[in-house]
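Encoded as structure tokens, the structure appears first; notes follow it.
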Amino acid sequence: MTLALLAVATAGQHGQAHFSDGASVDHALAVELQQAIEHESPAPTAIVVVDVESGKIIAARGMNLAAHRLETPGSSVKPFVLMTLLESARLDPQKKLLCHRPLWIGGVRMDCLHPEDVTQLDATEAIAYSCNSYVAQAAVRFNADEVVQLYRRLGFDSATGLADGEATGRIEQSSTREEMELEALGHWGVQVTPLELLEAYRKLALRVRRGEMAEADAPVLAGLEGSTDFGMAHAAHVDGMKIAGKTGTSEAPGVPRTHGFFDGYAPAEKPEIAIMVYVERGSGGDAAAAAQPVLAAFAKHLRSP
């Protein structure tokens with residue numbers, strides 16, 4: 001199935017999409033997704049859907065936010081952190097780690113948001129339930145430079161090419177173990193644009209689509225599916241279609257509010273689209289809920305003759 005390729009206006013929160021020339025454009029899908037994206041939201045929101053293979057934008061709103069806002073990514077980075085450790089055989093994916101509450105790291109309280117009865121988690125569950133404690137314990141296997149290099153490989157300080165004049169992220173090197181743990185949790189030392197985060201997930205989806213994932217990554221991929229099936233991103237769930245997704249809730253230093261991300265791809269087994277939702281004032285759960293109508297519209301399109 002060939003997806004629509006669009007050039008999207010970046011003039012404002014509700015910028016309209018305009019079709020590019022080309023015989024292979026699926027106009028119906030682009031229109032359906034754009035209509036789903038335009039639903040009302042209680043806070044400034046950016047939603048961007050891209051074609052996994054080409055990287056082109058299919059539908060979007062809030063492109064100014066997506067291209068220029070720099071935010072800490074929060075838990076959105078956890079899959080990449082754990083995959084790096086799994087691929088280097090420094091983490092046993094089946095070993096369960098205890099979720100510590102309260103969780104203090106360098107004077108910052110980082111208690112998990114998952115249900116309190118989830119007390120011991122393996123790698124898959126840690127992604128599905130977005131466990132800060134698990135990832136912080138796993139992150140001590142890194143050295144400070146490895147986290148920086150990981151984020152650079154993900155493109156967190158590079159332009160995506162999805163928008164003119166876009167901002168680029170910032171990555172710092174930690175000087176203490178606590179800073180490194182917070183950086184691995186996406187809460188210190190790294191700021192990204194929503195588009196940079198989307199591009200990292202699109203490239204992950206492309207590797208999944210092409211069958212290029214390492215066997216060691218399977219627990220994380222299962223965790224991304226579990227997140228939307230029963231975990232922290234369940235608000236994005238769509239009956240009849242497997243979705244891989246991850247929420248992120250964080251706050252910028254000195255800012256007394258949180259922002260939320262949802263990033264993912266669908267169908268999970270052979271991705272065709274990747275999606276990013278950024279909610280300026282809210283949580284990852286809010287972002288997942290905003291993604292759901294768009295993903296539902298995509299699932300409906302797949303089922304249509």
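Residue names in the structure tokens use chain letters A, B, ... in the order shown, residue numbers from 1 in each chain, and ligand numbers from 1 in the order shown.
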Every residue of range 36-248 of chain A that DSSP places in strand (DSSP E), as a PyMOL selection string: chain A and resi 45-51+57-61+97-98+104-105+108-109+120-121+170-171+190-191+244-248
Give one line per residue of range 30-85 of chain A that approaches range 244-252 of chain A to at most 10 Å, naming the two atoms of the closest pair and their distance in Å to one decimal, counting only C-alpha atoms; sort by chain then ascending residue number and deliver it as CSV.
```
residue,atom,partner,partner_atom,distance
A:Leu70,CA,A:Ala252,CA,9.2
A:Glu71,CA,A:Ala252,CA,6.5
A:Thr72,CA,A:Ala252,CA,6.2
A:Pro73,CA,A:Gly248,CA,6.4
A:Gly74,CA,A:Ser250,CA,4.9
A:Ser75,CA,A:Gly248,CA,4.3
A:Ser76,CA,A:Gly248,CA,4.7
A:Val77,CA,A:Gly248,CA,8.1
A:Lys78,CA,A:Lys246,CA,8.7
A:Pro79,CA,A:Lys246,CA,8.3
```
Atoms kept (C-alpha atoms) for selection, written as a PDB file, in the first residue's frame:
```pdb
ATOM      1  CA  LEU A  70      12.692  22.296  22.613  1.00  0.00           C
ATOM      2  CA  GLU A  71      11.628  20.030  25.471  1.00  0.00           C
ATOM      3  CA  THR A  72      13.030  17.277  27.644  1.00  0.00           C
ATOM      4  CA  PRO A  73      11.787  14.022  26.063  1.00  0.00           C
ATOM      5  CA  GLY A  74      11.108  12.177  29.314  1.00  0.00           C
ATOM      6  CA  SER A  75      10.269   8.498  29.053  1.00  0.00           C
ATOM      7  CA  SER A  76      10.133   8.615  25.254  1.00  0.00           C
ATOM      8  CA  VAL A  77      13.847   7.731  25.234  1.00  0.00           C
ATOM      9  CA  LYS A  78      13.544   4.579  27.367  1.00  0.00           C
ATOM     10  CA  PRO A  79      13.182   2.082  24.476  1.00  0.00           C
TER      11      PRO A  79
END
```
Spatial neighbours of Glu32 in chain A, max dist 10 Å, only C-alpha atoms, sep filter under 2 positions, as a PyMOL selection string: chain A and resi 27-30+34-37+59+294+297-298+300-301
Selected residue, from A:Asp263, A:Glu280, A:Glu181, A:Glu125, that lies nearest to Arg202 in chain A when counting only C-alpha atoms: A:Asp263
Contacts of Leu221 in chain A within 9 Å, only C-alpha atoms, excl. fewer than 4 positions in-chain, as a PyMOL selection string: chain A and resi 79+124+127+208+217+225-226+244+268
Given only C-alpha atoms as the counted atoms, nearest of A:Ala136, A:Phe142, A:Val190, A:Gly169 to Trp104 in chain A: A:Ala136
